[in-house]
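Have a look at upload-v4.csv; it's CSV, C-alpha atoms and all ligand atoms:
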```
chain,number,residue,atom,x,y,z
A,289,MET,CA,0.0,0.0,0.0
A,290,SER,CA,1.3,3.5,-0.8
A,291,HIS,CA,1.9,5.8,2.2
A,292,THR,CA,0.0,9.0,2.9
A,293,ARG,CA,1.4,11.2,5.7
A,294,LEU,CA,-0.5,14.0,7.4
A,295,SER,CA,0.3,16.4,10.2
A,296,LEU,CA,-0.6,19.9,11.3
A,297,LEU,CA,0.7,22.5,13.7
A,298,THR,CA,-1.3,25.0,15.7
A,299,PRO,CA,-0.4,28.8,15.5
A,300,SER,CA,-1.0,29.3,19.2
A,301,GLY,CA,2.5,30.8,19.7
A,302,HIS,CA,5.9,31.0,18.0
A,303,LEU,CA,7.2,27.6,16.8
A,304,THR,CA,9.8,26.1,19.1
A,305,LEU,CA,12.8,23.7,18.8
A,306,GLY,CA,10.4,21.1,20.3
A,307,ASN,CA,8.1,21.5,17.3
A,308,TYR,CA,11.0,21.2,15.0
A,309,LEU,CA,12.7,18.1,16.5
A,310,GLY,CA,9.4,16.4,17.3
A,311,ALA,CA,7.5,17.1,14.2
A,312,LEU,CA,8.8,19.5,11.5
A,313,ARG,CA,12.1,17.7,10.9
A,314,PRO,CA,10.6,14.3,10.7
A,315,MET,CA,7.9,15.6,8.4
A,316,ALA,CA,10.5,17.2,6.1
A,317,ALA,CA,12.5,14.0,6.1
A,318,GLN,CA,9.6,11.9,4.9
A,319,GLN,CA,8.4,13.6,1.8
A,320,ASP,CA,9.8,11.3,-0.9
A,321,ASP,CA,8.1,8.0,-0.5
A,322,ALA,CA,4.6,9.2,0.4
A,323,THR,CA,1.8,11.6,-0.5
A,324,CYS,CA,2.1,14.3,2.2
A,325,TYR,CA,-0.4,16.8,3.6
A,326,TYR,CA,1.1,19.2,6.0
A,327,GLY,CA,-1.0,22.0,7.4
A,328,ILE,CA,-1.5,24.9,9.8
A,329,SER,CA,-4.4,24.1,12.2
A,330,ASP,CA,-5.5,27.7,12.6
A,331,LEU,CA,-9.0,26.8,13.9
A,332,HIS,CA,-7.3,25.0,16.8
A,333,ALA,CA,-5.7,28.3,17.9
A,334,MET,CA,-9.0,29.7,19.0
A,335,THR,CA,-9.8,27.2,21.7
A,336,THR,CA,-8.5,29.5,24.4
A,337,ALA,CA,-8.7,33.3,24.6
A,338,HIS,CA,-6.9,34.7,21.5
A,339,ASP,CA,-6.2,38.0,19.8
A,340,PRO,CA,-7.2,38.1,16.1
A,341,THR,CA,-4.2,40.3,15.1
A,342,THR,CA,-1.7,38.0,16.8
A,343,LEU,CA,-3.3,35.0,15.2
A,344,ARG,CA,-3.1,36.5,11.8
A,345,ASP,CA,0.6,37.3,12.3
A,346,LEU,CA,1.4,33.8,13.6
A,347,ILE,CA,-0.3,32.2,10.7
A,348,ALA,CA,1.8,34.3,8.3
A,349,GLU,CA,5.0,33.3,10.3
A,350,PHE,CA,4.0,29.6,10.3
A,351,ARG,CA,3.6,29.5,6.5
A,352,VAL,CA,7.1,30.9,6.0
A,353,LEU,CA,8.6,28.8,8.7
A,354,MET,CA,7.1,25.5,7.4
A,355,LEU,CA,8.8,26.2,4.1
A,356,ALA,CA,12.0,27.3,5.8
A,357,CYS,CA,12.1,24.0,7.8
A,358,GLY,CA,12.2,22.1,4.5
A,359,LEU,CA,8.5,21.2,3.8
A,360,ASP,CA,8.7,21.2,0.0
A,361,PRO,CA,5.6,22.2,-2.0
A,362,THR,CA,6.8,20.1,-4.9
A,363,ARG,CA,6.6,17.0,-2.8
A,364,ALA,CA,4.0,17.9,-0.1
A,365,THR,CA,0.7,19.7,-0.1
A,366,LEU,CA,0.9,22.7,2.3
A,367,PHE,CA,-2.4,24.2,3.5
A,368,ARG,CA,-4.3,26.0,6.1
A,369,GLN,CA,-7.1,24.1,7.9
A,370,SER,CA,-9.6,27.0,7.7
A,371,SER,CA,-9.2,27.2,3.9
A,372,VAL,CA,-10.7,23.7,3.7
A,373,PRO,CA,-14.3,23.9,5.0
A,374,ALA,CA,-14.7,20.1,5.0
A,375,HIS,CA,-12.6,20.0,8.2
A,376,ALA,CA,-15.3,21.7,10.2
A,377,GLU,CA,-18.2,19.8,8.5
A,378,LEU,CA,-16.7,16.4,9.0
A,379,ALA,CA,-15.9,17.4,12.6
A,380,TYR,CA,-19.6,17.7,13.3
A,381,LEU,CA,-20.3,14.3,11.8
A,382,LEU,CA,-17.6,12.9,14.0
A,383,GLU,CA,-19.0,14.6,17.1
A,384,CYS,CA,-22.0,12.3,16.4
A,385,THR,CA,-19.6,9.4,16.7
A,386,THR,CA,-17.6,10.5,19.7
A,387,TYR,CA,-18.5,10.1,23.4
A,388,VAL,CA,-18.3,12.9,26.0
A,389,GLY,CA,-16.5,10.5,28.3
A,390,GLU,CA,-13.7,10.1,25.7
A,391,LEU,CA,-13.3,13.9,25.5
A,392,ASN,CA,-13.3,14.3,29.3
A,393,ARG,CA,-10.3,11.9,29.5
A,394,MET,CA,-8.1,14.0,27.2
A,395,ILE,CA,-5.1,15.2,29.2
A,396,GLN,CA,-4.9,18.6,27.5
A,397,PHE,CA,-8.6,19.3,28.4
A,398,LYS,CA,-8.0,18.1,32.0
A,399,GLU,CA,-5.0,20.4,32.3
A,400,LYS,CA,-6.3,23.5,30.5
A,401,GLY,CA,-10.1,23.6,31.0
A,402,ARG,CA,-12.1,21.0,32.8
A,403,GLY,CA,-14.3,22.2,35.6
A,404,ARG,CA,-13.9,25.9,34.6
A,405,PRO,CA,-17.2,27.5,33.4
A,406,MET,CA,-15.5,29.9,31.0
A,407,THR,CA,-13.7,27.2,29.2
A,408,ARG,CA,-14.5,27.4,25.5
A,409,ALA,CA,-16.7,24.6,24.2
A,410,SER,CA,-14.2,24.3,21.3
A,411,LEU,CA,-11.5,23.2,23.8
A,412,HIS,CA,-13.6,20.2,24.7
A,413,THR,CA,-14.4,19.2,21.2
A,414,TYR,CA,-11.0,20.1,19.8
A,415,PRO,CA,-9.8,16.4,19.5
A,416,VAL,CA,-12.8,15.7,17.3
A,417,LEU,CA,-11.8,18.5,14.9
A,418,MET,CA,-8.3,17.0,15.0
A,419,ALA,CA,-9.7,13.6,14.2
A,420,SER,CA,-11.5,15.2,11.3
A,421,ASP,CA,-8.2,16.9,10.1
A,422,ILE,CA,-6.7,13.4,10.0
A,423,LEU,CA,-9.5,11.2,8.7
A,424,LEU,CA,-10.5,13.5,5.8
A,425,TYR,CA,-7.2,12.6,4.1
A,426,ARG,CA,-7.2,8.9,4.8
A,427,PRO,CA,-3.5,9.0,5.8
A,428,THR,CA,-1.6,5.8,6.7
A,429,HIS,CA,0.8,7.7,9.0
A,430,VAL,CA,0.5,10.7,11.3
A,431,PRO,CA,4.0,11.9,12.3
A,432,VAL,CA,3.7,13.8,15.6
A,433,GLY,CA,5.6,14.5,18.9
A,434,ASP,CA,4.8,12.3,21.9
A,435,ASP,CA,2.3,14.8,23.4
A,436,GLN,CA,-0.1,14.3,20.5
A,437,ARG,CA,-0.3,10.5,20.9
A,438,GLN,CA,-3.6,10.5,22.9
A,439,HIS,CA,-5.3,12.7,20.3
A,440,VAL,CA,-4.2,10.5,17.4
A,441,GLU,CA,-5.4,7.4,19.4
A,442,LEU,CA,-8.8,9.0,19.7
A,443,ALA,CA,-8.9,9.6,15.9
A,444,ARG,CA,-8.1,5.9,15.5
A,445,ASP,CA,-10.9,4.9,17.9
A,446,VAL,CA,-13.4,7.2,16.2
A,447,ALA,CA,-12.4,5.9,12.7
A,448,GLN,CA,-12.8,2.3,13.9
A,449,ARG,CA,-16.2,3.0,15.5
A,450,PHE,CA,-17.4,4.9,12.4
A,451,ASN,CA,-16.4,2.2,10.1
A,452,LEU,CA,-18.0,-0.5,12.2
A,453,THR,CA,-21.2,1.5,12.6
A,454,TYR,CA,-21.8,3.0,9.2
A,455,GLY,CA,-19.4,1.3,6.8
A,456,PRO,CA,-15.8,1.4,5.8
A,457,VAL,CA,-15.2,5.1,5.0
A,458,PHE,CA,-11.9,5.9,6.9
A,459,THR,CA,-8.4,4.6,7.0
A,460,VAL,CA,-7.1,3.9,10.5
A,461,PRO,CA,-3.7,5.6,10.6
A,462,GLU,CA,-0.5,4.7,12.4
A,463,ILE,CA,1.1,7.1,14.8
A,464,THR,CA,4.8,7.8,14.1
A,465,VAL,CA,7.0,9.4,16.7
A,466,PRO,CA,10.6,10.2,16.1
A,467,PRO,CA,13.3,8.1,17.9
A,468,ALA,CA,14.9,11.3,19.3
A,469,GLY,CA,13.3,14.7,20.1
A,470,ALA,CA,9.7,13.3,20.5
A,471,ARG,CA,9.4,15.2,23.8
A,472,VAL,CA,11.7,18.2,24.2
A,473,MET,CA,11.4,19.5,27.8
A,474,ASP,CA,11.3,23.2,29.0
A,475,LEU,CA,14.8,24.3,30.0
A,476,ALA,CA,13.5,26.2,33.0
A,477,ASP,CA,11.3,23.3,34.2
A,478,PRO,CA,12.5,20.0,32.7
A,479,THR,CA,9.4,18.2,34.1
A,480,ARG,CA,7.2,20.1,31.6
A,481,LYS,CA,7.3,19.9,27.8
A,482,MET,CA,8.7,22.9,25.9
A,483,SER,CA,5.6,24.6,24.7
A,484,LYS,CA,5.0,27.5,22.3
A,485,SER,CA,2.1,28.7,24.5
A,486,THR,CA,4.3,29.1,27.7
A,487,ARG,CA,3.8,32.7,28.6
A,488,GLU,CA,7.2,33.6,30.0
A,489,GLY,CA,9.3,31.5,27.7
A,490,ALA,CA,12.6,31.6,29.5
A,491,GLY,CA,13.0,27.8,29.0
A,492,VAL,CA,11.6,27.8,25.4
A,493,ILE,CA,13.9,28.0,22.4
A,494,ARG,CA,12.0,29.5,19.4
A,495,LEU,CA,13.0,28.7,15.9
A,496,LEU,CA,13.6,32.4,15.2
A,497,ASP,CA,15.6,33.1,18.4
A,498,ASP,CA,19.0,34.8,17.7
A,499,PRO,CA,22.0,32.7,18.6
A,500,ASP,CA,22.6,35.1,21.6
A,501,VAL,CA,19.2,34.5,22.9
A,502,VAL,CA,19.6,30.8,22.6
A,503,ARG,CA,22.9,31.0,24.4
A,504,ARG,CA,21.3,33.0,27.3
A,505,LYS,CA,18.4,30.6,27.6
A,506,ILE,CA,20.6,27.6,27.7
A,507,ALA,CA,23.0,29.3,30.1
A,508,ARG,CA,20.1,29.7,32.5
A,509,ALA,CA,18.8,26.1,32.0
A,510,VAL,CA,18.1,24.3,35.3
A,511,THR,CA,20.7,21.6,36.2
A,512,ASP,CA,21.5,20.5,39.8
A,513,SER,CA,24.2,21.0,42.4
A,514,ASP,CA,26.1,17.9,41.6
A,515,THR,CA,29.8,18.8,41.1
A,516,GLY,CA,31.2,15.3,41.1
A,517,PRO,CA,33.5,14.0,38.3
A,518,SER,CA,30.5,12.2,36.5
A,519,ALA,CA,27.9,14.9,37.0
A,520,VAL,CA,27.2,15.1,33.3
A,521,ARG,CA,25.3,11.8,32.8
A,522,VAL,CA,21.9,10.5,31.8
A,523,ASP,CA,19.6,10.0,34.8
A,524,ARG,CA,16.0,10.7,34.0
A,525,ASP,CA,14.8,10.6,37.6
A,526,ALA,CA,17.6,12.2,39.6
A,527,LYS,CA,18.9,14.7,36.9
A,528,PRO,CA,16.0,15.8,34.7
A,529,GLY,CA,17.7,19.1,33.7
A,530,VAL,CA,21.0,17.6,32.7
A,531,THR,CA,19.3,14.7,30.9
A,532,ASN,CA,17.1,17.2,29.0
A,533,LEU,CA,20.3,19.0,27.8
A,534,LEU,CA,21.8,15.7,26.8
A,535,ASP,CA,18.6,14.7,25.0
A,536,LEU,CA,18.7,18.1,23.2
A,537,VAL,CA,22.3,17.6,22.0
A,538,ALA,CA,21.5,14.1,21.0
A,539,ALA,CA,18.4,15.1,19.0
A,540,CYS,CA,20.2,18.0,17.3
A,541,THR,CA,23.3,16.0,16.4
A,542,GLY,CA,22.0,12.5,15.8
A,543,THR,CA,23.9,10.8,18.6
A,544,SER,CA,22.5,9.1,21.7
A,545,PRO,CA,22.3,11.1,25.0
A,546,GLU,CA,24.9,8.7,26.5
A,547,GLU,CA,27.3,9.4,23.7
A,548,ALA,CA,26.6,13.1,24.0
A,549,ALA,CA,27.7,13.0,27.7
A,550,ASP,CA,30.9,11.2,26.9
A,551,GLY,CA,33.9,13.3,28.0
A,552,VAL,CA,31.9,16.4,28.9
A,553,PRO,CA,33.6,17.6,32.1
A,554,THR,CA,31.2,20.3,33.5
A,555,TYR,CA,27.8,21.8,33.2
A,556,GLY,CA,29.4,24.8,31.6
A,557,ALA,CA,30.8,22.6,28.9
A,558,LEU,CA,27.5,20.8,28.5
A,559,LYS,CA,25.7,24.1,28.0
A,560,LYS,CA,28.2,25.2,25.4
A,561,LEU,CA,27.7,21.9,23.6
A,562,ALA,CA,23.9,22.3,23.7
A,563,THR,CA,24.1,25.9,22.5
A,564,ASP,CA,26.3,25.0,19.6
A,565,ALA,CA,24.1,22.1,18.7
A,566,ALA,CA,20.9,24.1,18.8
A,567,VAL,CA,22.4,27.1,16.9
A,568,ALA,CA,23.7,24.7,14.2
A,569,VAL,CA,20.1,23.4,13.7
A,570,LEU,CA,18.5,26.8,13.7
A,571,GLU,CA,20.9,28.6,11.5
A,572,PRO,CA,19.9,27.2,8.1
A,573,VAL,CA,16.2,27.5,9.0
A,574,GLN,CA,16.7,31.2,9.9
A,575,ARG,CA,18.6,31.8,6.7
A,576,ARG,CA,15.9,30.3,4.5
A,577,TYR,CA,13.2,32.1,6.6
A,578,ALA,CA,14.9,35.5,5.7
A,579,ALA,CA,15.0,34.6,2.0
A,580,LEU,CA,11.4,33.4,1.9
A,581,ALA,CA,10.0,36.3,3.9
A,582,ALA,CA,11.2,38.5,1.1
A,583,ASP,CA,8.9,36.8,-1.3
A,584,PRO,CA,5.4,36.8,0.2
A,585,MET,CA,3.6,36.2,-3.1
A,586,TYR,CA,5.4,32.9,-3.5
A,587,VAL,CA,4.3,31.8,-0.1
A,588,GLU,CA,0.8,33.0,-0.7
A,589,ASP,CA,0.7,30.9,-4.0
A,590,VAL,CA,2.0,27.8,-2.3
A,591,PHE,CA,-0.7,27.8,0.3
A,592,ALA,CA,-3.5,28.8,-2.1
A,593,ALA,CA,-2.6,25.9,-4.4
A,594,GLY,CA,-2.3,23.6,-1.5
A,595,ALA,CA,-5.8,24.5,-0.2
A,596,ALA,CA,-7.3,24.1,-3.6
A,597,HIS,CA,-5.8,20.6,-3.8
A,598,CYS,CA,-7.1,19.7,-0.3
A,599,ARG,CA,-10.6,20.8,-1.1
A,600,GLU,CA,-10.5,18.5,-4.1
A,601,VAL,CA,-9.1,15.4,-2.3
A,602,THR,CA,-11.3,15.8,0.7
A,603,ALA,CA,-14.6,16.3,-1.1
A,604,PRO,CA,-15.2,12.6,-1.9
A,605,VAL,CA,-14.3,11.5,1.6
A,606,LEU,CA,-16.7,13.9,3.2
A,607,ALA,CA,-19.4,12.8,0.7
A,608,ALA,CA,-18.8,9.2,1.6
A,609,ALA,CA,-19.1,10.0,5.4
A,610,ARG,CA,-22.3,11.9,4.8
A,611,GLU,CA,-23.9,9.2,2.8
A,612,ALA,CA,-22.9,6.4,5.2
A,613,MET,CA,-24.5,8.4,8.0
A,614,GLY,CA,-27.8,8.7,6.1
A,615,LEU,CA,-27.5,12.3,4.8
A,701,LIG,P1,1.1,21.5,18.3
A,701,LIG,O1,0.9,22.7,17.5
A,701,LIG,O2,1.0,21.7,19.8
A,701,LIG,O3,2.5,20.9,18.0
A,701,LIG,C1,2.9,20.7,16.7
A,701,LIG,C2,3.8,19.4,16.6
A,701,LIG,O4,4.9,19.6,17.4
A,701,LIG,C3,5.0,18.5,18.3
A,701,LIG,N1,5.6,19.0,19.6
A,701,LIG,C4,6.7,18.6,20.2
A,701,LIG,N2,7.5,17.6,19.9
A,701,LIG,C5,8.6,17.4,20.7
A,701,LIG,N3,8.8,18.1,21.9
A,701,LIG,C6,8.0,19.1,22.2
A,701,LIG,N4,8.2,19.8,23.3
A,701,LIG,C7,6.8,19.4,21.4
A,701,LIG,N5,5.8,20.3,21.4
A,701,LIG,C8,5.0,20.1,20.3
A,701,LIG,C9,3.6,18.0,18.5
A,701,LIG,O5,3.5,16.7,19.0
A,701,LIG,C10,3.0,18.2,17.1
A,701,LIG,O6,3.4,17.1,16.3
A,701,LIG,N6,-3.3,19.4,17.8
A,701,LIG,C11,-2.0,19.5,17.2
A,701,LIG,C12,-2.0,20.0,15.8
A,701,LIG,C13,-2.9,19.1,14.9
A,701,LIG,C14,-2.6,17.9,14.3
A,701,LIG,C15,-3.8,17.6,13.6
A,701,LIG,C16,-1.5,17.1,14.4
A,701,LIG,C17,-4.1,19.5,14.5
A,701,LIG,N7,-4.7,18.6,13.7
A,701,LIG,C18,-3.8,16.4,12.8
A,701,LIG,C19,-1.5,15.9,13.7
A,701,LIG,C20,-2.7,15.5,12.9
A,701,LIG,C21,-1.2,20.5,18.0
A,701,LIG,O7,-1.7,21.4,18.7
A,701,LIG,O8,0.1,20.4,17.9
```

Can you give me the file's structure in the form of structure tokens?
Ligand code: TYM
Amino acid sequence: MSHTRLSLLTPSGHLTLGNYLGALRPMAAQQDDATCYYGISDLHAMTTAHDPTTLRDLIAEFRVLMLACGLDPTRATLFRQSSVPAHAELAYLLECTTYVGELNRMIQFKEKGRGRPMTRASLHTYPVLMASDILLYRPTHVPVGDDQRQHVELARDVAQRFNLTYGPVFTVPEITVPPAGARVMDLADPTRKMSKSTREGAGVIRLLDDPDVVRRKIARAVTDSDTGPSAVRVDRDAKPGVTNLLDLVAACTGTSPEEAADGVPTYGALKKLATDAAVAVLEPVQRRYAALAADPMYVEDVFAAGAAHCREVTAPVLAAAREAMGL
């Protein structure tokens, strides 16, 4: 069977090194042997209080950054979710296939909204829209970071239930998570994932951060007070900060965290290593970003053509779902 890959990113903040290592880099690396749909989930950025001007700016930045990260419009279809109305329509049909109990169990909902009366209804139903994003394209593989596993699992459950109840409309996709970089942690709090929506952001490396900013953030990264001769080592329970820096070096350079620790004498040396590794990954992305940002019409055309293609390929899938449900 030929492969189809699909993944989206939400413009809820500036893209981070976590987004790159966990999703964008693997997405870019997998464009040759598959049909790829890579998108901006702009509708998902409105599930918590948002500012329209900021959202518009972030969408513009995402479009350029996705190209700068190596997503290639000659090999992948690049699009914006809100340009393809079928996403919202199928989401409603899938809400009629999803249980409230399933949505209540979603970790992100539990953390960000459950039990608060002002929580937007869209935060609760967001995983159904995400299932719609996925199932509309009948992908075989969904490359994501580790934090999206539960949502893709739900999409699989919903697809299976729909197919059993109404007939075989959807493909049940596999989740693919990269071997390194699937969960990059916050430098200031290594028990929490690096997130683009973290307000303060001292422990979050953004793709467009200057090398100096990267250096400063890594210099302030939390470690521990161990000064022994083997202080620089992997120990996920006792040394989460040090292990996070080693994971970061490993994911950026393609080694293992244990190899990355080899011969590194001090935390100062480890931080220098991590800074060099992160800057080396960001530098080509930032260079391409600057070149692409100078050509907004090209970027506009890529996403307009992508959306047109998406509207075409999703129409028969939506029609099959409607018909199977009796509409
Ligand atoms: P989002 O925008 O939060 O994240 C985009 C991608 O980046 C990955 N990621 C990380 N990987 C490693 N370490 C981190 N610290 C880290 N933070 C984020 C995410 O796992 C994701 O792959 N709901 C999704 C977007 C979405 C989607 C979809 C994804 C909407 N529809 C359909 C796949 C298929 C989200 O908000 O991801």

With only C-alpha atoms as the counted atoms, please give the residues lying no more than 12 Å from Gly542 (chain A), apart from itself and same-chain residues fewer than 5 positions off, as a list in words. Leu309, Pro466, Pro467, Ala468, Gly469, Leu534, Asp535, Leu536, Val537, Glu547, Ala548, Ala565 and Val569 of chain A

Among the residues A:Asp434, A:Asp330, A:Glu399, A:Asp345, the one that comes closest to ligand LIG 701 (chain A) [using only C-alpha atoms and all ligand atoms]: A:Asp434

Would you list the contacts of region 514-531 of chain A as a ChimeraX atom specification, taking every protein, DNA or RNA residue within 8 Å and counting all atoms listed in the file, but skipping same-chain residues closer than 6 positions in sequence? /A:475,477-479,545-546,549,552-555,558

When you count all atoms listed in the file, which of these residues is closest to ligand LIG 701 (chain A): A:Val460, A:Ala568, A:Leu294, A:Ala379? A:Leu294

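Proximity ranking of A:Met354, A:Leu424, A:Leu615, A:Val457 relative to Ala316 (chain A) places A:Met354 first, based on all atoms listed in the file.
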
Within 9 Å of Thr323 (chain A), counting only C-alpha atoms, which residues show up once you throw out same-chain ones fewer than 5 positions away? Write them as a list in words, please.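 So, after excluding close chain neighbours, the residues are Ser290, His291, Thr292, Arg293, Leu294, Arg363, Ala364, Thr365 and Pro427 of chain A.
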
Nearby polymer residues, ligand LIG 701 (chain A), at most 7 Å, only C-alpha atoms and all ligand atoms, as a ChimeraX atom specification: /A:294-299,306-311,329,332,418-419,421-422,430-436,440,469-473,481-483

Using CA of Thr543 (chain A) and CA of Ala507 (chain A) as the two end points, give the distance in Å to one decimal.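 A separation of 21.8 Å between them.
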
Tell me which of A:Asp360, A:Gly489, A:Phe458, A:Leu366 sits closest to Leu378 (chain A), counting all atoms listed in the file.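 Nearest to Leu378 (chain A): A:Phe458.
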
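Atom pair CA of Arg402 (chain A) / CA of Val492 (chain A): separated by 25.7 Å.
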
Leaving out His338 (chain A) and any residue of its chain fewer than 6 positions from it, which residues lie within 12 Å of it when counting only C-alpha atoms, given as number ranges by chain? A: 299-301, 330-332, 344, 346, 408, 485
